[in-house]
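Student: Structure supplied as my_file.cif; contents: mmCIF, C-alpha atoms, pLDDT in the B column; chains and numbers go by the auth columns.
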```cif
data_final
loop_
_atom_site.group_PDB
_atom_site.id
_atom_site.type_symbol
_atom_site.label_atom_id
_atom_site.label_comp_id
_atom_site.label_asym_id
_atom_site.label_seq_id
_atom_site.Cartn_x
_atom_site.Cartn_y
_atom_site.Cartn_z
_atom_site.B_iso_or_equiv
_atom_site.auth_seq_id
_atom_site.auth_asym_id
ATOM 1 C CA ARG A 1 -130.105 -203.672 -10.546 48.00 1252 A
ATOM 2 C CA GLN A 2 -127.098 -205.544 -11.818 48.00 1253 A
ATOM 3 C CA THR A 3 -125.206 -207.816 -9.467 48.00 1254 A
ATOM 4 C CA SER A 4 -122.439 -210.159 -10.438 48.00 1255 A
ATOM 5 C CA VAL A 5 -121.211 -212.917 -8.196 50.00 1256 A
ATOM 6 C CA GLN A 6 -118.469 -215.028 -9.623 47.00 1257 A
ATOM 7 C CA PRO A 7 -114.982 -216.200 -8.920 46.00 1258 A
ATOM 8 C CA LEU A 8 -112.712 -214.757 -11.533 40.00 1259 A
ATOM 9 C CA PRO A 9 -111.505 -217.347 -14.007 44.00 1260 A
ATOM 10 C CA THR A 10 -107.901 -218.385 -13.903 42.00 1261 A
ATOM 11 C CA LEU A 11 -105.937 -216.133 -16.164 40.00 1262 A
ATOM 12 C CA THR A 12 -102.743 -217.190 -17.891 41.00 1263 A
ATOM 13 C CA LEU A 13 -100.712 -214.086 -18.443 41.00 1264 A
ATOM 14 C CA PRO A 14 -98.146 -214.062 -21.255 43.00 1265 A
ATOM 15 C CA LEU A 15 -94.574 -213.840 -20.024 42.00 1266 A
ATOM 16 C CA THR A 16 -93.773 -211.007 -22.430 42.00 1267 A
ATOM 17 C CA GLN A 17 -96.336 -208.666 -20.860 43.00 1268 A
ATOM 18 C CA PRO A 18 -95.768 -206.832 -17.571 45.00 1269 A
ATOM 19 C CA THR A 19 -97.964 -208.278 -14.834 45.00 1270 A
ATOM 20 C CA SER A 20 -98.775 -204.969 -13.174 47.00 1271 A
ATOM 21 C CA SER A 21 -102.094 -204.498 -11.434 49.00 1272 A
ATOM 22 C CA LEU A 22 -103.165 -202.128 -14.236 49.00 1273 A
ATOM 23 C CA TYR A 23 -102.505 -204.841 -16.847 46.00 1274 A
ATOM 24 C CA ILE A 24 -104.521 -207.385 -14.850 42.00 1275 A
ATOM 25 C CA ARG A 25 -107.374 -204.885 -14.420 47.00 1276 A
ATOM 26 C CA LEU A 26 -107.422 -204.302 -18.185 46.00 1277 A
ATOM 27 C CA ILE A 27 -107.666 -208.061 -18.821 43.00 1278 A
ATOM 28 C CA LEU A 28 -110.533 -208.379 -16.321 45.00 1279 A
ATOM 29 C CA LEU A 29 -112.280 -205.368 -17.849 48.00 1280 A
ATOM 30 C CA LYS A 30 -111.993 -206.998 -21.297 52.00 1281 A
ATOM 31 C CA LEU A 31 -113.383 -210.261 -19.865 55.00 1282 A
ATOM 32 C CA THR A 32 -116.342 -208.434 -18.292 66.00 1283 A
ATOM 33 C CA THR A 33 -116.981 -206.464 -21.488 67.00 1284 A
ATOM 34 C CA ASN A 34 -116.884 -209.632 -23.604 73.00 1285 A
ATOM 35 C CA LEU A 35 -119.310 -211.373 -21.241 76.00 1286 A
ATOM 36 C CA SER A 36 -121.686 -208.398 -21.269 77.00 1287 A
ATOM 37 C CA TYR A 37 -121.627 -208.408 -25.061 76.00 1288 A
ATOM 38 C CA PHE A 38 -122.291 -212.177 -25.121 78.00 1289 A
ATOM 39 C CA PHE A 39 -125.213 -211.795 -22.699 80.00 1290 A
ATOM 40 C CA ASP A 40 -126.793 -208.930 -24.656 78.00 1291 A
ATOM 41 C CA VAL A 41 -126.342 -210.288 -28.178 78.00 1292 A
ATOM 42 C CA GLU A 42 -126.439 -214.072 -27.918 79.00 1293 A
ATOM 43 C CA LEU A 43 -128.528 -214.768 -24.823 83.00 1294 A
ATOM 44 C CA PHE A 44 -130.955 -211.900 -24.501 84.00 1295 A
ATOM 45 C CA MET A 45 -131.074 -211.282 -28.267 79.00 1296 A
ATOM 46 C CA ARG A 46 -131.914 -207.651 -27.624 65.00 1297 A
ATOM 47 C CA THR A 47 -135.384 -208.542 -26.315 76.00 1298 A
ATOM 48 C CA GLY A 48 -135.365 -206.145 -23.388 79.00 1299 A
ATOM 49 C CA GLU A 49 -134.137 -208.714 -20.888 85.00 1300 A
ATOM 50 C CA VAL A 50 -132.010 -207.273 -18.119 84.00 1301 A
ATOM 51 C CA LEU A 51 -129.075 -209.030 -16.501 84.00 1302 A
ATOM 52 C CA CYS A 52 -129.702 -209.602 -12.792 86.00 1303 A
ATOM 53 C CA CYS A 53 -126.678 -211.706 -11.821 86.00 1304 A
ATOM 54 C CA TYR A 54 -124.290 -214.355 -13.051 86.00 1305 A
ATOM 55 C CA LEU A 55 -122.063 -216.959 -11.487 88.00 1306 A
ATOM 56 C CA PHE A 56 -119.098 -219.050 -12.588 88.00 1307 A
ATOM 57 C CA ALA A 57 -119.555 -222.552 -11.181 91.00 1308 A
ATOM 58 C CA GLN A 58 -119.923 -226.188 -12.168 93.00 1309 A
ATOM 59 C CA TYR A 59 -123.147 -228.069 -12.718 95.00 1310 A
ATOM 60 C CA VAL A 60 -124.405 -231.599 -13.017 94.00 1311 A
ATOM 61 C CA LYS A 61 -127.644 -232.314 -14.815 92.00 1312 A
ATOM 62 C CA TYR A 62 -129.727 -234.889 -12.976 89.00 1313 A
ATOM 63 C CA GLY A 63 -129.464 -238.303 -14.590 87.00 1314 A
ATOM 64 C CA ARG A 64 -125.970 -237.610 -15.901 90.00 1315 A
ATOM 65 C CA MET A 65 -122.568 -238.139 -14.311 89.00 1316 A
ATOM 66 C CA ARG A 66 -120.497 -235.437 -16.008 93.00 1317 A
ATOM 67 C CA ILE A 67 -119.539 -232.194 -14.236 93.00 1318 A
ATOM 68 C CA ILE A 68 -119.515 -229.189 -16.572 92.00 1319 A
ATOM 69 C CA ASP A 69 -117.895 -225.790 -16.005 92.00 1320 A
ATOM 70 C CA CYS A 70 -120.501 -223.134 -16.581 91.00 1321 A
ATOM 71 C CA VAL A 71 -121.609 -219.585 -16.209 89.00 1322 A
ATOM 72 C CA LEU A 72 -125.130 -219.409 -14.777 92.00 1323 A
ATOM 73 C CA VAL A 73 -126.822 -216.247 -16.051 90.00 1324 A
ATOM 74 C CA VAL A 74 -130.021 -214.868 -14.533 90.00 1325 A
ATOM 75 C CA SER A 75 -132.068 -212.205 -16.288 89.00 1326 A
ATOM 76 C CA ASN A 76 -135.380 -210.714 -15.282 88.00 1327 A
ATOM 77 C CA ASN A 77 -137.198 -213.503 -17.244 89.00 1328 A
ATOM 78 C CA MET A 78 -134.865 -216.454 -17.776 91.00 1329 A
ATOM 79 C CA VAL A 79 -132.059 -218.571 -16.360 93.00 1330 A
ATOM 80 C CA TYR A 80 -129.328 -219.592 -18.810 92.00 1331 A
ATOM 81 C CA LEU A 81 -126.745 -222.335 -18.314 94.00 1332 A
ATOM 82 C CA CYS A 82 -123.757 -221.778 -20.565 92.00 1333 A
ATOM 83 C CA LYS A 83 -120.784 -224.084 -20.917 92.00 1334 A
ATOM 84 C CA TRP A 84 -117.638 -222.173 -19.971 84.00 1335 A
ATOM 85 C CA LYS A 85 -114.104 -222.650 -21.238 81.00 1336 A
ATOM 86 C CA PRO A 86 -111.625 -220.095 -19.845 73.00 1337 A
ATOM 87 C CA ASN A 87 -110.069 -219.180 -23.216 74.00 1338 A
ATOM 88 C CA ASP A 88 -113.260 -219.364 -25.256 78.00 1339 A
ATOM 89 C CA LYS A 89 -116.649 -217.699 -25.282 77.00 1340 A
ATOM 90 C CA PRO A 90 -119.495 -219.404 -23.408 84.00 1341 A
ATOM 91 C CA SER A 91 -121.897 -221.643 -25.329 89.00 1342 A
ATOM 92 C CA LEU A 92 -125.562 -221.948 -24.411 91.00 1343 A
ATOM 93 C CA LYS A 93 -126.529 -225.389 -23.049 92.00 1344 A
ATOM 94 C CA SER A 94 -130.050 -224.696 -21.746 93.00 1345 A
ATOM 95 C CA ARG A 95 -132.469 -221.944 -20.810 92.00 1346 A
ATOM 96 C CA HIS A 96 -135.502 -221.923 -18.544 94.00 1347 A
ATOM 97 C CA ARG A 97 -138.143 -219.410 -17.519 91.00 1348 A
ATOM 98 C CA LEU A 98 -137.860 -218.050 -14.005 90.00 1349 A
ATOM 99 C CA SER A 99 -141.629 -218.262 -13.626 89.00 1350 A
ATOM 100 C CA GLN A 100 -141.501 -222.057 -14.142 91.00 1351 A
ATOM 101 C CA LEU A 101 -138.952 -222.715 -11.392 91.00 1352 A
ATOM 102 C CA LYS A 102 -140.340 -225.467 -9.183 91.00 1353 A
ATOM 103 C CA TYR A 103 -137.645 -226.154 -6.569 91.00 1354 A
ATOM 104 C CA LEU A 104 -134.676 -224.359 -5.136 91.00 1355 A
ATOM 105 C CA ASP A 105 -132.823 -226.530 -2.617 92.00 1356 A
ATOM 106 C CA ILE A 106 -129.723 -225.394 -0.774 93.00 1357 A
ATOM 107 C CA GLY A 107 -127.109 -228.027 0.010 91.00 1358 A
ATOM 108 C CA LEU A 108 -125.254 -228.675 3.231 91.00 1359 A
ATOM 109 C CA ASN A 109 -123.391 -225.564 4.417 92.00 1360 A
ATOM 110 C CA TYR A 110 -124.195 -223.752 1.155 91.00 1361 A
ATOM 111 C CA GLN A 111 -121.713 -225.832 -0.857 92.00 1362 A
ATOM 112 C CA HIS A 112 -124.216 -226.313 -3.704 93.00 1363 A
ATOM 113 C CA PHE A 113 -127.829 -225.726 -4.638 94.00 1364 A
ATOM 114 C CA ARG A 114 -130.362 -227.473 -6.847 94.00 1365 A
ATOM 115 C CA LEU A 115 -132.633 -225.857 -9.404 94.00 1366 A
ATOM 116 C CA GLU A 116 -135.568 -227.786 -10.831 94.00 1367 A
ATOM 117 C CA TRP A 117 -138.117 -226.587 -13.343 92.00 1368 A
ATOM 118 C CA GLU A 118 -141.564 -227.870 -14.283 88.00 1369 A
ATOM 119 C CA SER A 119 -140.357 -229.490 -17.498 82.00 1370 A
ATOM 120 C CA LYS A 120 -139.357 -233.149 -17.253 76.00 1371 A
ATOM 121 C CA ASP A 121 -135.594 -233.004 -17.906 81.00 1372 A
ATOM 122 C CA ALA A 122 -134.744 -229.729 -16.206 89.00 1373 A
ATOM 123 C CA ALA A 123 -133.001 -230.323 -12.876 93.00 1374 A
ATOM 124 C CA TYR A 124 -129.468 -229.188 -12.122 95.00 1375 A
ATOM 125 C CA LYS A 125 -127.127 -229.220 -9.161 95.00 1376 A
ATOM 126 C CA ILE A 126 -124.927 -226.132 -9.144 95.00 1377 A
ATOM 127 C CA LEU A 127 -121.615 -226.857 -7.412 94.00 1378 A
ATOM 128 C CA LEU A 128 -119.841 -223.929 -5.750 90.00 1379 A
ATOM 129 C CA TYR A 129 -117.923 -225.189 -2.715 90.00 1380 A
ATOM 130 C CA ASP A 130 -117.905 -221.642 -1.304 90.00 1381 A
ATOM 131 C CA LYS A 131 -120.488 -220.618 1.286 92.00 1382 A
ATOM 132 C CA GLN A 132 -120.073 -216.844 0.901 91.00 1383 A
ATOM 133 C CA LYS A 133 -120.357 -216.872 -2.902 90.00 1384 A
ATOM 134 C CA CYS A 134 -123.338 -219.203 -2.760 91.00 1385 A
ATOM 135 C CA MET A 135 -125.178 -217.044 -0.214 92.00 1386 A
ATOM 136 C CA LYS A 136 -124.442 -213.849 -2.133 90.00 1387 A
ATOM 137 C CA PHE A 137 -125.592 -215.347 -5.427 91.00 1388 A
ATOM 138 C CA LEU A 138 -128.774 -216.810 -3.926 91.00 1389 A
ATOM 139 C CA ASP A 139 -129.642 -213.423 -2.406 89.00 1390 A
ATOM 140 C CA SER A 140 -129.427 -211.844 -5.869 88.00 1391 A
ATOM 141 C CA PHE A 141 -131.181 -214.795 -7.496 90.00 1392 A
ATOM 142 C CA THR A 142 -134.187 -214.695 -5.171 87.00 1393 A
ATOM 143 C CA LEU A 143 -134.577 -210.956 -5.804 86.00 1394 A
ATOM 144 C CA ALA A 144 -134.811 -211.738 -9.540 85.00 1395 A
ATOM 145 C CA LEU A 145 -137.688 -214.192 -9.043 84.00 1396 A
ATOM 146 C CA PRO A 146 -141.096 -212.847 -10.040 77.00 1397 A
ATOM 147 C CA SER A 147 -143.280 -212.113 -7.015 72.00 1398 A
ATOM 148 C CA THR A 148 -145.844 -214.639 -8.273 61.00 1399 A
ATOM 149 C CA THR A 149 -143.335 -217.524 -8.264 62.00 1400 A
ATOM 150 C CA GLN A 150 -143.999 -220.151 -5.579 61.00 1401 A
ATOM 151 C CA VAL A 151 -140.761 -222.011 -4.967 58.00 1402 A
ATOM 152 C CA THR A 152 -140.769 -224.900 -2.503 53.00 1403 A
#
```
Would it be possible to restate this file's structure as structure tokens?
Tutor:
Amino acid sequence: RQTSVQPLPTLTLPLTQPTSSLYIRLILLKLTTNLSYFFDVELFMRTGEVLCCYLFAQYVKYGRMRIIDCVLVVSNNMVYLCKWKPNDKPSLKSRHRLSQLKYLDIGLNYQHFRLEWESKDAAYKILLYDKQKCMKFLDSFTLALPSTTQVT
């Protein structure tokens, strides 16, 4: 099952092109196709991993002060945090096994959530500021967790 939950990135359309709905749909289709290619080739490395869901958001790594735009990608085995620049391809910042997830905390009114893994330096706050998107993503995310995972 493939679910994607993400706000669409801001698109800057060239003034010379018509801004019809068909043109915008073609740009979004190209964006989705490019992301799918990136996930398959650079993240999953053709290992049989299956995309479960992804989310455009911001994150802060615990112990650091900088907010980073990212795409959070969840497969059937791993969680990937990729730095996201709207006019560039994502770049992998970190990856963690789903089975080693230790904590999943949901922030006040679903404005953010925290992911923490067993390894020492692996705790992130994912900033969304949108209750509906957060709830929808977390529904998909929890379905991707292995049944043996005990998250507190």
Student: Using atom CA of Ser1350 of chain A and atom CA of Tyr1380 of chain A as the two end points, give the distance in Å to one decimal.
Tutor: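 Distance between the two atoms: 27.0 Å.
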Student: Which of these residues is nearest to Thr1298 of chain A, using only C-alpha atoms: A:Leu1394, A:Met1329, A:Val1311, A:Val1324?
Tutor: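 The shortest atom-to-atom distance to Thr1298 of chain A comes from A:Met1329.
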Student: Which polymer residues have any atom within 8 Å of an atom of Leu1343 of chain A, counting only C-alpha atoms, with same-chain residues fewer than 5 positions away left out, as a list in words?
Tutor: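 Contacts, in chain order: Leu1294, Tyr1331, Leu1332, Cys1333 and Lys1334 of chain A.
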Student: Measuring atom to atom with all atoms listed in the file, identify which of A:Lys1382, A:Lys1340, A:Arg1365, A:Lys1387 is nearest to Glu1293 of chain A.
Tutor: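 Selected residue with least distance to Glu1293 of chain A: A:Lys1340.
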Student: Can you pull out every residue within 12 Å of Ile1319 of chain A, counting all atoms listed in the file, but drop anything in the same chain fewer than 4 positions away, and send it as number ranges by chain?
Tutor: A: 1307-1312, 1315, 1323, 1332-1336, 1341-1342, 1344, 1375-1378
Student: Quote the spacing between atom CA of Ala1374 of chain A and atom CA of Gly1358 of chain A in Å to one decimal place.
Tutor: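 One can read the atom CA of Ala1374 of chain A to atom CA of Gly1358 of chain A distance as 14.4 Å.
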Student: For Gln1351 of chain A, list every protein, DNA or RNA residue within 9 Å, evaluated using only C-alpha atoms, and leave out those in the same chain fewer than 5 positions away; present the list as a ChimeraX atom specification.
Tutor: /A:1367-1370,1400
Student: For the structure shown, which residues end up in the PyMOL selection byres ((chain A and resi 1290) around 10)? Put them as an MDAnalysis selection string, please?
Tutor: chainID A and resid 1284:1289 1291:1297 1300:1302 1324:1326 1331 1341
Student: Output the selection as a CSV table (one decimal), keeping the file's coordinate frame - C-alpha atoms for each residue.
Tutor:
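That gives us out20.csv:
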```csv
chain,number,residue,atom,x,y,z
A,1284,THR,CA,-117.0,-206.5,-21.5
A,1285,ASN,CA,-116.9,-209.6,-23.6
A,1286,LEU,CA,-119.3,-211.4,-21.2
A,1287,SER,CA,-121.7,-208.4,-21.3
A,1288,TYR,CA,-121.6,-208.4,-25.1
A,1289,PHE,CA,-122.3,-212.2,-25.1
A,1291,ASP,CA,-126.8,-208.9,-24.7
A,1292,VAL,CA,-126.3,-210.3,-28.2
A,1293,GLU,CA,-126.4,-214.1,-27.9
A,1294,LEU,CA,-128.5,-214.8,-24.8
A,1295,PHE,CA,-131.0,-211.9,-24.5
A,1296,MET,CA,-131.1,-211.3,-28.3
A,1297,ARG,CA,-131.9,-207.7,-27.6
A,1300,GLU,CA,-134.1,-208.7,-20.9
A,1301,VAL,CA,-132.0,-207.3,-18.1
A,1302,LEU,CA,-129.1,-209.0,-16.5
A,1324,VAL,CA,-126.8,-216.2,-16.1
A,1325,VAL,CA,-130.0,-214.9,-14.5
A,1326,SER,CA,-132.1,-212.2,-16.3
A,1331,TYR,CA,-129.3,-219.6,-18.8
A,1341,PRO,CA,-119.5,-219.4,-23.4
```
Student: Name the closest residue to Leu1355 of chain A among the candidates A:Leu1306, A:Val1322, A:Val1330, A:Leu1389; distances are taken between atoms, counting all atoms listed in the file.
Tutor: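 For Leu1355 of chain A, the nearest of the candidates is A:Leu1389.
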Student: Applying 9 Å and all atoms listed in the file, which residues near Pro1397 of chain A remain after dropping the ones on its own chain fewer than 4 positions away? List them as a PyMOL selection string.
Tutor: chain A and resi 1327-1328+1349-1350+1393
Student: From the list A:Asn1338, A:Tyr1361, A:Ser1398, A:Arg1346, which residue is nearest Gln1383 of chain A when using only C-alpha atoms?
Tutor: A:Tyr1361
Student: With 6 Å on each side, where is the centre of the axis-aligned box around all listed atoms of segment 1363-1375 of chain A, and how long are its edges in Å to one decimal, as JSON?
Tutor:
```
{"center_x": -132.9, "center_y": -229.4, "center_z": -10.8, "size_x": 29.3, "size_y": 19.4, "size_z": 26.2}
```
Student: In Å, rounded to a single decimal, give me how far atom CA of Pro1337 of chain A is from atom CA of Phe1392 of chain A.
Tutor: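 One can read the atom CA of Phe1392 of chain A to atom CA of Pro1337 of chain A distance as 23.7 Å.
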